[in-house]
file target_10.pdb (PDB, C-alpha atoms and all ligand atoms)
ATOM      1  CA  MET X1417      12.593  47.755 146.722
ATOM      2  CA  ARG X1418      14.274  48.217 143.381
ATOM      3  CA  ALA X1419      15.211  51.681 142.144
ATOM      4  CA  LEU X1420      16.353  52.722 138.705
ATOM      5  CA  ILE X1421      18.966  55.440 139.229
ATOM      6  CA  LEU X1422      19.339  57.931 136.386
ATOM      7  CA  SER X1423      21.554  60.980 136.080
ATOM      8  CA  ASP X1424      22.664  63.533 133.511
ATOM      9  CA  ILE X1425      20.201  62.668 130.745
ATOM     10  CA  HIS X1426      21.040  66.024 129.143
ATOM     11  CA  ALA X1427      18.162  66.144 126.656
ATOM     12  CA  ASN X1428      19.273  62.937 124.925
ATOM     13  CA  LEU X1429      15.941  61.249 124.157
ATOM     14  CA  GLU X1430      17.399  58.272 122.289
ATOM     15  CA  ALA X1431      19.717  57.396 125.193
ATOM     16  CA  LEU X1432      16.814  57.718 127.652
ATOM     17  CA  GLU X1433      14.589  55.446 125.546
ATOM     18  CA  ALA X1434      17.324  52.802 125.357
ATOM     19  CA  VAL X1435      17.771  52.906 129.134
ATOM     20  CA  LEU X1436      14.034  52.638 129.832
ATOM     21  CA  ALA X1437      13.763  49.689 127.429
ATOM     22  CA  ALA X1438      16.743  47.903 129.003
ATOM     23  CA  ALA X1439      15.431  48.457 132.540
ATOM     24  CA  GLU X1440      11.829  47.530 131.799
ATOM     25  CA  GLY X1441      10.294  45.418 134.587
ATOM     26  CA  LEU X1442      13.396  45.755 136.772
ATOM     27  CA  TRP X1443      12.430  48.732 138.941
ATOM     28  CA  ASP X1444       9.769  49.918 141.380
ATOM     29  CA  GLU X1445      10.841  53.578 141.483
ATOM     30  CA  ILE X1446      12.980  55.945 139.442
ATOM     31  CA  TRP X1447      15.337  58.321 141.269
ATOM     32  CA  ASN X1448      16.695  61.023 138.983
ATOM     33  CA  LEU X1449      19.867  62.842 140.043
ATOM     34  CA  GLY X1450      19.371  65.837 137.762
ATOM     35  CA  ASP X1451      20.644  67.555 134.629
ATOM     36  CA  LEU X1452      17.656  66.436 132.586
ATOM     37  CA  VAL X1453      18.438  69.132 130.026
ATOM     38  CA  GLY X1454      21.350  71.092 128.596
ATOM     39  CA  TYR X1455      23.720  69.964 125.778
ATOM     40  CA  GLY X1456      21.210  67.740 123.951
ATOM     41  CA  GLY X1457      18.586  68.509 121.322
ATOM     42  CA  ALA X1458      15.392  67.127 122.903
ATOM     43  CA  PRO X1459      14.782  68.974 126.198
ATOM     44  CA  ASN X1460      10.970  69.050 126.057
ATOM     45  CA  GLN X1461      10.690  65.438 124.925
ATOM     46  CA  VAL X1462      12.991  64.218 127.684
ATOM     47  CA  ILE X1463      11.100  66.094 130.414
ATOM     48  CA  GLU X1464       7.732  64.871 129.156
ATOM     49  CA  ARG X1465       8.955  61.263 128.936
ATOM     50  CA  ILE X1466      10.613  60.962 132.350
ATOM     51  CA  ARG X1467       8.469  63.297 134.460
ATOM     52  CA  PRO X1468       5.475  60.949 134.945
ATOM     53  CA  LEU X1469       7.718  57.944 135.651
ATOM     54  CA  GLN X1470      10.041  59.247 138.351
ATOM     55  CA  SER X1471       9.365  59.262 142.110
ATOM     56  CA  LEU X1472      12.215  61.581 143.015
ATOM     57  CA  VAL X1473      14.193  64.218 141.122
ATOM     58  CA  VAL X1474      17.050  66.430 142.268
ATOM     59  CA  ARG X1475      17.864  69.547 140.286
ATOM     60  CA  GLY X1476      21.163  69.727 138.440
ATOM     61  CA  ASN X1477      23.260  72.779 137.647
ATOM     62  CA  HIS X1478      22.144  72.686 133.988
ATOM     63  CA  ASP X1479      18.474  72.436 135.015
ATOM     64  CA  ARG X1480      18.979  75.502 137.193
ATOM     65  CA  VAL X1481      20.605  77.547 134.409
ATOM     66  CA  CYS X1482      18.364  76.319 131.572
ATOM     67  CA  CYS X1483      15.192  77.424 133.361
ATOM     68  CA  GLY X1484      16.717  80.812 134.165
ATOM     69  CA  LEU X1485      17.124  80.467 137.937
ATOM     70  CA  THR X1486      20.806  81.397 137.608
ATOM     71  CA  SER X1487      22.853  82.901 134.798
ATOM     72  CA  ALA X1488      24.882  80.912 132.275
ATOM     73  CA  ASN X1489      27.954  83.085 132.813
ATOM     74  CA  ALA X1490      29.821  80.462 134.829
ATOM     75  CA  PHE X1491      29.474  77.926 131.974
ATOM     76  CA  ASN X1492      32.086  77.404 129.270
ATOM     77  CA  PRO X1493      31.065  78.823 125.848
ATOM     78  CA  VAL X1494      29.719  75.511 124.496
ATOM     79  CA  ALA X1495      27.651  74.762 127.610
ATOM     80  CA  ARG X1496      26.420  78.367 127.659
ATOM     81  CA  THR X1497      25.313  78.246 124.013
ATOM     82  CA  ALA X1498      23.397  75.033 124.704
ATOM     83  CA  ALA X1499      21.837  76.428 127.894
ATOM     84  CA  LEU X1500      20.630  79.593 126.151
ATOM     85  CA  TRP X1501      19.223  77.534 123.256
ATOM     86  CA  THR X1502      17.447  75.274 125.775
ATOM     87  CA  ARG X1503      15.963  78.310 127.515
ATOM     88  CA  GLN X1504      14.389  79.398 124.198
ATOM     89  CA  GLU X1505      13.277  75.889 123.318
ATOM     90  CA  LEU X1506      11.573  74.876 126.580
ATOM     91  CA  SER X1507       7.800  75.138 126.708
ATOM     92  CA  THR X1508       6.418  77.474 129.362
ATOM     93  CA  GLU X1509       5.108  74.492 131.292
ATOM     94  CA  ASN X1510       8.378  72.565 131.189
ATOM     95  CA  ALA X1511      10.418  75.618 132.196
ATOM     96  CA  ALA X1512       8.059  76.219 135.123
ATOM     97  CA  TRP X1513       8.339  72.572 136.169
ATOM     98  CA  LEU X1514      12.173  72.677 136.027
ATOM     99  CA  LYS X1515      12.162  75.722 138.313
ATOM    100  CA  GLU X1516      10.307  73.734 140.960
ATOM    101  CA  ILE X1517      12.730  70.796 141.099
ATOM    102  CA  PRO X1518      14.161  70.776 144.626
ATOM    103  CA  GLN X1519      17.836  71.237 145.308
ATOM    104  CA  GLY X1520      19.533  68.153 146.740
ATOM    105  CA  PRO X1521      20.436  66.303 148.753
ATOM    106  CA  LEU X1522      17.071  64.543 148.963
ATOM    107  CA  HIS X1523      15.992  61.358 150.704
ATOM    108  CA  PRO X1524      13.712  58.874 148.964
ATOM    109  CA  ALA X1525      11.135  57.018 151.052
ATOM    110  CA  GLU X1526      13.607  54.135 151.201
ATOM    111  CA  GLU X1527      15.682  54.379 154.386
ATOM    112  CA  GLY X1528      19.425  54.795 154.334
ATOM    113  CA  VAL X1529      19.718  56.526 150.966
ATOM    114  CA  THR X1530      20.583  60.088 149.933
ATOM    115  CA  CYS X1531      20.322  61.469 146.382
ATOM    116  CA  ALA X1532      22.347  64.457 145.167
ATOM    117  CA  HIS X1533      23.457  65.959 141.859
ATOM    118  CA  GLY X1534      27.060  66.953 142.600
ATOM    119  CA  SER X1535      28.555  66.505 146.025
ATOM    120  CA  PRO X1536      25.835  66.130 148.690
ATOM    121  CA  LEU X1537      27.691  68.958 150.458
ATOM    122  CA  ASP X1538      27.634  71.289 147.404
ATOM    123  CA  GLU X1539      25.502  70.687 144.298
ATOM    124  CA  ASP X1540      28.105  72.320 142.015
ATOM    125  CA  LYS X1541      31.108  70.385 143.303
ATOM    126  CA  TYR X1542      32.495  67.418 141.356
ATOM    127  CA  ILE X1543      33.415  64.188 143.137
ATOM    128  CA  LEU X1544      36.185  62.893 140.893
ATOM    129  CA  ASN X1545      38.587  61.193 143.294
ATOM    130  CA  MET X1546      38.924  59.944 146.844
ATOM    131  CA  ARG X1547      40.044  63.385 148.021
ATOM    132  CA  ASP X1548      36.711  64.835 146.821
ATOM    133  CA  ALA X1549      34.800  61.854 148.221
ATOM    134  CA  TRP X1550      36.302  61.887 151.707
ATOM    135  CA  ALA X1551      34.274  64.665 153.364
ATOM    136  CA  PRO X1552      30.918  63.462 151.968
ATOM    137  CA  LEU X1553      31.720  59.888 153.042
ATOM    138  CA  GLN X1554      32.325  61.135 156.595
ATOM    139  CA  GLU X1555      29.447  63.561 156.803
ATOM    140  CA  MET X1556      26.492  61.825 155.163
ATOM    141  CA  ASP X1557      24.075  60.291 157.637
ATOM    142  CA  THR X1558      23.053  57.471 155.282
ATOM    143  CA  PRO X1559      25.221  54.507 154.245
ATOM    144  CA  VAL X1560      24.457  55.077 150.549
ATOM    145  CA  THR X1561      24.592  58.368 148.649
ATOM    146  CA  PHE X1562      23.885  58.484 144.926
ATOM    147  CA  PHE X1563      25.440  61.343 142.981
ATOM    148  CA  GLY X1564      26.002  62.415 139.376
ATOM    149  CA  HIS X1565      27.467  65.541 137.750
ATOM    150  CA  THR X1566      30.819  64.014 136.686
ATOM    151  CA  HIS X1567      29.256  61.735 134.034
ATOM    152  CA  ILE X1568      31.623  58.979 135.203
ATOM    153  CA  GLN X1569      30.107  55.660 136.286
ATOM    154  CA  GLY X1570      31.419  54.170 139.531
ATOM    155  CA  GLY X1571      32.032  55.610 142.962
ATOM    156  CA  PHE X1572      33.788  55.350 146.286
ATOM    157  CA  THR X1573      33.438  53.110 149.299
ATOM    158  CA  GLN X1574      34.788  53.277 152.837
ATOM    159  CA  LYS X1575      34.763  51.156 155.968
ATOM    160  CA  GLY X1576      36.894  52.454 158.814
ATOM    161  CA  HIS X1577      40.446  52.756 157.560
ATOM    162  CA  HIS X1578      39.696  50.871 154.370
ATOM    163  CA  TRP X1579      38.536  52.679 151.269
ATOM    164  CA  HIS X1580      38.609  52.169 147.530
ATOM    165  CA  GLU X1581      37.282  53.475 144.285
ATOM    166  CA  ILE X1582      34.461  51.532 142.629
ATOM    167  CA  ARG X1583      35.274  50.904 138.992
ATOM    168  CA  PRO X1584      32.603  48.811 137.270
ATOM    169  CA  ALA X1585      34.243  46.144 135.152
ATOM    170  CA  LEU X1586      32.468  47.306 132.028
ATOM    171  CA  GLY X1587      33.850  48.272 128.675
ATOM    172  CA  ARG X1588      36.872  46.022 129.168
ATOM    173  CA  SER X1589      36.326  44.659 125.684
ATOM    174  CA  LEU X1590      36.320  48.267 124.564
ATOM    175  CA  HIS X1591      39.808  48.939 125.939
ATOM    176  CA  ALA X1592      41.212  45.465 125.320
ATOM    177  CA  SER X1593      40.213  45.551 121.692
ATOM    178  CA  ALA X1594      41.412  49.106 121.172
ATOM    179  CA  ALA X1595      44.875  47.885 120.195
ATOM    180  CA  HIS X1596      43.432  45.558 117.572
ATOM    181  CA  SER X1597      40.454  47.439 116.250
ATOM    182  CA  SER X1598      38.727  50.746 116.678
ATOM    183  CA  ALA X1599      35.282  49.159 116.925
ATOM    184  CA  PRO X1600      33.432  50.535 119.962
ATOM    185  CA  ALA X1601      31.458  48.280 122.296
ATOM    186  CA  THR X1602      28.017  47.766 120.829
ATOM    187  CA  LYS X1603      26.335  45.350 123.238
ATOM    188  CA  PRO X1604      24.617  45.919 126.581
ATOM    189  CA  GLU X1605      26.718  45.016 129.606
ATOM    190  CA  SER X1606      26.162  44.958 133.361
ATOM    191  CA  TRP X1607      28.203  44.495 136.524
ATOM    192  CA  THR X1608      26.813  43.797 140.001
ATOM    193  CA  MET X1609      28.309  44.755 143.335
ATOM    194  CA  ASN X1610      27.151  43.853 146.849
ATOM    195  CA  LEU X1611      26.910  46.668 149.365
ATOM    196  CA  ALA X1612      28.095  45.263 152.687
ATOM    197  CA  GLY X1613      26.611  46.418 155.985
ATOM    198  CA  GLY X1614      28.687  48.876 157.978
ATOM    199  CA  THR X1615      30.213  50.285 154.807
ATOM    200  CA  ARG X1616      29.634  53.762 153.354
ATOM    201  CA  HIS X1617      29.169  54.294 149.654
ATOM    202  CA  LEU X1618      29.079  57.163 147.182
ATOM    203  CA  ILE X1619      27.684  55.784 143.940
ATOM    204  CA  ASN X1620      27.452  57.399 140.512
ATOM    205  CA  PRO X1621      25.164  55.606 138.025
ATOM    206  CA  GLY X1622      26.963  57.373 135.163
ATOM    207  CA  SER X1623      25.409  59.664 132.600
ATOM    208  CA  VAL X1624      22.443  58.545 130.501
ATOM    209  CA  GLY X1625      22.902  61.138 127.787
ATOM    210  CA  GLN X1626      26.537  62.292 127.721
ATOM    211  CA  PRO X1627      29.000  59.758 129.215
ATOM    212  CA  ARG X1628      32.530  61.042 129.836
ATOM    213  CA  ASP X1629      34.266  57.802 130.778
ATOM    214  CA  PHE X1630      35.310  56.893 127.241
ATOM    215  CA  ASP X1631      32.367  54.555 126.746
ATOM    216  CA  TRP X1632      29.697  56.056 124.477
ATOM    217  CA  ARG X1633      26.920  53.715 125.685
ATOM    218  CA  ALA X1634      24.173  55.149 127.916
ATOM    219  CA  ALA X1635      24.861  54.506 131.605
ATOM    220  CA  PHE X1636      22.467  53.748 134.453
ATOM    221  CA  ALA X1637      22.295  51.755 137.685
ATOM    222  CA  LEU X1638      19.758  49.553 139.439
ATOM    223  CA  PHE X1639      19.649  49.495 143.235
ATOM    224  CA  ASN X1640      18.127  46.580 145.112
ATOM    225  CA  SER X1641      17.664  47.407 148.776
ATOM    226  CA  HIS X1642      16.592  43.983 149.990
ATOM    227  CA  VAL X1643      19.049  41.289 149.115
ATOM    228  CA  ASP X1644      18.980  38.026 151.068
ATOM    229  CA  SER X1645      22.120  38.024 153.161
ATOM    230  CA  ASP X1646      24.542  35.179 152.741
ATOM    231  CA  PRO X1647      24.685  33.108 155.996
ATOM    232  CA  GLN X1648      28.276  32.117 155.085
ATOM    233  CA  GLU X1649      29.409  35.684 155.478
ATOM    234  CA  SER X1650      30.446  37.126 158.822
ATOM    235  CA  ASN X1651      28.009  39.567 160.409
ATOM    236  CA  SER X1652      30.230  42.538 159.769
ATOM    237  CA  ALA X1653      30.282  41.948 156.040
ATOM    238  CA  VAL X1654      26.650  40.980 155.573
ATOM    239  CA  THR X1655      25.251  42.053 152.243
ATOM    240  CA  VAL X1656      22.366  44.456 152.723
ATOM    241  CA  ALA X1657      21.871  45.758 149.229
ATOM    242  CA  GLN X1658      23.057  45.398 145.704
ATOM    243  CA  ILE X1659      23.885  47.790 142.908
ATOM    244  CA  THR X1660      24.128  46.834 139.244
ATOM    245  CA  PHE X1661      25.834  49.182 136.807
ATOM    246  CA  HIS X1662      24.631  48.999 133.218
ATOM    247  CA  ARG X1663      25.701  50.256 129.794
ATOM    248  CA  VAL X1664      23.417  50.107 126.762
ATOM    249  CA  PRO X1665      23.945  51.195 123.167
ATOM    250  CA  TYR X1666      21.436  53.656 121.727
ATOM    251  CA  ASP X1667      20.553  55.387 118.466
ATOM    252  CA  LEU X1668      23.545  57.721 118.496
ATOM    253  CA  VAL X1669      23.072  59.055 114.964
ATOM    254  CA  THR X1670      19.541  60.305 115.614
ATOM    255  CA  SER X1671      20.665  61.980 118.811
ATOM    256  CA  GLN X1672      23.601  63.660 117.051
ATOM    257  CA  GLY X1673      21.251  64.748 114.257
ATOM    258  CA  ARG X1674      18.998  66.563 116.730
ATOM    259  CA  ILE X1675      22.005  68.530 118.042
ATOM    260  CA  LEU X1676      23.184  69.490 114.568
ATOM    261  CA  MET X1677      19.682  70.335 113.305
ATOM    262  CA  ALA X1678      19.196  72.617 116.312
ATOM    263  CA  GLY X1679      22.319  74.532 115.300
ATOM    264  CA  LEU X1680      24.089  73.623 118.536
ATOM    265  CA  PRO X1681      27.925  73.381 118.547
ATOM    266  CA  GLU X1682      29.167  70.375 116.534
ATOM    267  CA  ARG X1683      31.419  69.421 119.449
ATOM    268  CA  LEU X1684      28.308  68.387 121.399
ATOM    269  CA  ALA X1685      27.446  65.830 118.727
ATOM    270  CA  ALA X1686      31.029  64.600 118.263
ATOM    271  CA  ARG X1687      31.662  64.027 121.958
ATOM    272  CA  LEU X1688      28.735  61.607 122.232
ATOM    273  CA  ARG X1689      30.550  59.131 119.997
ATOM    274  CA  GLU X1690      33.805  59.600 121.870
ATOM    275  CA  GLY X1691      32.188  59.199 125.281
ATOM    276  CA  ARG X1692      34.013  62.197 126.720
TER     277      ARG X1692
HETATM  278 ZN    ZN X1701      25.640  66.935 133.790
END

call {"tool": "encode", "arguments": {"input": "target_10.pdb", "output": "structure tokens"}}
result
Amino acid sequence: MRALILSDIHANLEALEAVLAAAEGLWDEIWNLGDLVGYGGAPNQVIERIRPLQSLVVRGNHDRVCCGLTSANAFNPVARTAALWTRQELSTENAAWLKEIPQGPLHPAEEGVTCAHGSPLDEDKYILNMRDAWAPLQEMDTPVTFFGHTHIQGGFTQKGHHWHEIRPALGRSLHASAAHSSAPATKPESWTMNLAGGTRHLINPGSVGQPRDFDWRAAFALFNSHVDSDPQESNSAVTVAQITFHRVPYDLVTSQGRILMAGLPERLAARLREGR
């Protein structure tokens, strides 16, 4: 089974279209980790595009605020402005649909997987470092948990006393070339990692519509749950699944134009180029 894992689309239609084009033919199901709306200028279009395609969706904190389930008071001024604009902009049908999105963590039909927006222990909590990751790694009853919310692609892995942060080797050209030129990465890139049996993983596919890891390209991940195990490997390290992290460029200017035309804060358009 192959799943396309999406998170934090944030009403960025152009980024979503680029991701769907890049992942075409590579997935059986879409699992969406939430924050479909908020920040970006195309909330209705994004909902209408992704809704019929996805098999599972977890609500995000922006989804919750943008459909009026909770107040925007806890948001910073820029996020609040965007949330209140989104509330006005959403069609009655789309707002009603957002309200019905279940709170995570959720389990797809595929065994051994959990999907959450923030921490699986608290939807509003950010998992930014190993200290944040530790309790969820201990407490989740599945070997793999997908999460979003931080807009940072990667994750955390643990086996007994051994643990490390997963940092996809993407955007290296971006950083390496920074000293020589200011040209951002403009090509698609991917990086594959085997998920060994007996190991626990917290995996963030990154943000489709508002990356914050200094790479402006739309982020997503593909999960393959049935990988042929390598007979050369010892039983304890047998590969049971595979995750591929992807970055794809998208039509940034059109997306920024939607934000500016909507009268949303300019910062929301500027940060898309900066990837932060
Ligand atoms: Zn988000």

call {"tool": "resolve_selection", "arguments": {"input": "target_10.pdb", "expression": "the PyMOL selection byres (((not hetatm)) within 8 of (chain X and resi 1701))", "output": "PDB file with C-alpha atoms, in the frame of the given file"}}
result
ATOM      1  CA  SER X1423      21.554  60.980 136.080  1.00  0.00           C
ATOM      2  CA  ASP X1424      22.664  63.533 133.511  1.00  0.00           C
ATOM      3  CA  ILE X1425      20.201  62.668 130.745  1.00  0.00           C
ATOM      4  CA  HIS X1426      21.040  66.024 129.143  1.00  0.00           C
ATOM      5  CA  GLY X1450      19.371  65.837 137.762  1.00  0.00           C
ATOM      6  CA  ASP X1451      20.644  67.555 134.629  1.00  0.00           C
ATOM      7  CA  GLY X1454      21.350  71.092 128.596  1.00  0.00           C
ATOM      8  CA  GLY X1476      21.163  69.727 138.440  1.00  0.00           C
ATOM      9  CA  ASN X1477      23.260  72.779 137.647  1.00  0.00           C
ATOM     10  CA  HIS X1478      22.144  72.686 133.988  1.00  0.00           C
ATOM     11  CA  GLY X1564      26.002  62.415 139.376  1.00  0.00           C
ATOM     12  CA  HIS X1565      27.467  65.541 137.750  1.00  0.00           C
ATOM     13  CA  THR X1566      30.819  64.014 136.686  1.00  0.00           C
ATOM     14  CA  HIS X1567      29.256  61.735 134.034  1.00  0.00           C
ATOM     15  CA  SER X1623      25.409  59.664 132.600  1.00  0.00           C
ATOM     16  CA  GLN X1626      26.537  62.292 127.721  1.00  0.00           C
TER      17      GLN X1626
END

call {"tool": "resolve_selection", "arguments": {"input": "target_10.pdb", "expression": "the PyMOL selection byres (((chain X and resi 1559) around 8) and not hetatm)", "output": "ChimeraX atom specification"}}
result
/X:1528-1529,1556-1558,1560-1561,1614-1617

call {"tool": "atom_distance", "arguments": {"input": "target_10.pdb", "atom1": "atom CA of X:Ile1463", "atom2": "atom CA of X:Leu1422"}}
result
13.0 Å

call {"tool": "atom_distance", "arguments": {"input": "target_10.pdb", "atom1": "atom CA of X:Phe1661", "atom2": "atom CA of X:Ala1437"}}
result
15.3 Å

call {"tool": "closest_residue", "arguments": {"input": "target_10.pdb", "among": "X:Ala1601, X:Leu1688, X:Leu1452, X:Cys1483", "to": "X:Glu1464", "atoms": "all atoms listed in the file"}}
result
X:Leu1452

call {"tool": "resolve_selection", "arguments": {"input": "target_10.pdb", "expression": "the PyMOL selection byres (((chain X and resi 1473) around 8) and not hetatm)", "output": "PDB file with C-alpha atoms, in the frame of the given file"}}
result
ATOM      1  CA  TRP X1447      15.337  58.321 141.269  1.00  0.00           C
ATOM      2  CA  ASN X1448      16.695  61.023 138.983  1.00  0.00           C
ATOM      3  CA  LEU X1449      19.867  62.842 140.043  1.00  0.00           C
ATOM      4  CA  GLY X1450      19.371  65.837 137.762  1.00  0.00           C
ATOM      5  CA  GLN X1470      10.041  59.247 138.351  1.00  0.00           C
ATOM      6  CA  SER X1471       9.365  59.262 142.110  1.00  0.00           C
ATOM      7  CA  LEU X1472      12.215  61.581 143.015  1.00  0.00           C
ATOM      8  CA  VAL X1474      17.050  66.430 142.268  1.00  0.00           C
ATOM      9  CA  ARG X1475      17.864  69.547 140.286  1.00  0.00           C
ATOM     10  CA  ILE X1517      12.730  70.796 141.099  1.00  0.00           C
ATOM     11  CA  PRO X1518      14.161  70.776 144.626  1.00  0.00           C
TER      12      PRO X1518
END

call {"tool": "residues_around", "arguments": {"input": "target_10.pdb", "residues": "X:Glu1605", "least_positions_apart": "2", "cutoff": "12 Å", "atoms": "all atoms listed in the file", "output": "list in words"}}
result
Val1435, Ala1438, Pro1584, Ala1585, Leu1586, Gly1587, Arg1588, Ser1589, Leu1590, Ala1601, Thr1602, Lys1603, Trp1607, Thr1608, Asp1631, Arg1633, Ala1634, Ala1635, Phe1636, Ala1637, Thr1660, Phe1661, His1662, Arg1663, Val1664 and Pro1665 of chain X

call {"tool": "closest_residue", "arguments": {"input": "target_10.pdb", "among": "X:Gln1504, X:Gln1569, X:Gln1461, X:Asn1640", "to": "X:Asn1620", "atoms": "only C-alpha atoms"}}
result
X:Gln1569

call {"tool": "closest_residue", "arguments": {"input": "target_10.pdb", "among": "X:Pro1459, X:Pro1552, X:Gly1613, X:Pro1468", "to": "X:Ala1511", "atoms": "all atoms listed in the file"}}
result
X:Pro1459

call {"tool": "atom_distance", "arguments": {"input": "target_10.pdb", "atom1": "atom CA of X:His1533", "atom2": "atom CA of X:Phe1563"}}
result
5.1 Å

call {"tool": "residues_around", "arguments": {"input": "target_10.pdb", "residues": "stretch 1456-1458 of chain X", "least_positions_apart": "4", "cutoff": "7 Å", "atoms": "all atoms listed in the file", "output": "list in words"}}
result
His1426, Ala1427, Asn1428, Leu1429, Val1462, Arg1674, Ile1675 and Ala1678 of chain X

call {"tool": "residues_around", "arguments": {"input": "target_10.pdb", "residues": "X:Arg1496", "least_positions_apart": "2", "cutoff": "10 Å", "atoms": "all atoms listed in the file", "output": "list in words"}}
result
Gly1454, Tyr1455, His1478, Val1481, Cys1482, Ser1487, Ala1488, Asn1489, Ala1490, Phe1491, Asn1492, Pro1493, Val1494, Ala1498, Ala1499, Leu1500, Trp1501 and Thr1502 of chain X

call {"tool": "closest_residue", "arguments": {"input": "target_10.pdb", "among": "X:Met1546, X:Phe1630, X:Thr1497, X:Ile1466", "to": "X:Glu1682", "atoms": "all atoms listed in the file"}}
result
X:Thr1497

call {"tool": "closest_residue", "arguments": {"input": "target_10.pdb", "among": "X:Thr1508, X:Glu1445, X:Ala1685, X:His1580", "to": "X:Thr1670", "atoms": "all atoms listed in the file"}}
result
X:Ala1685
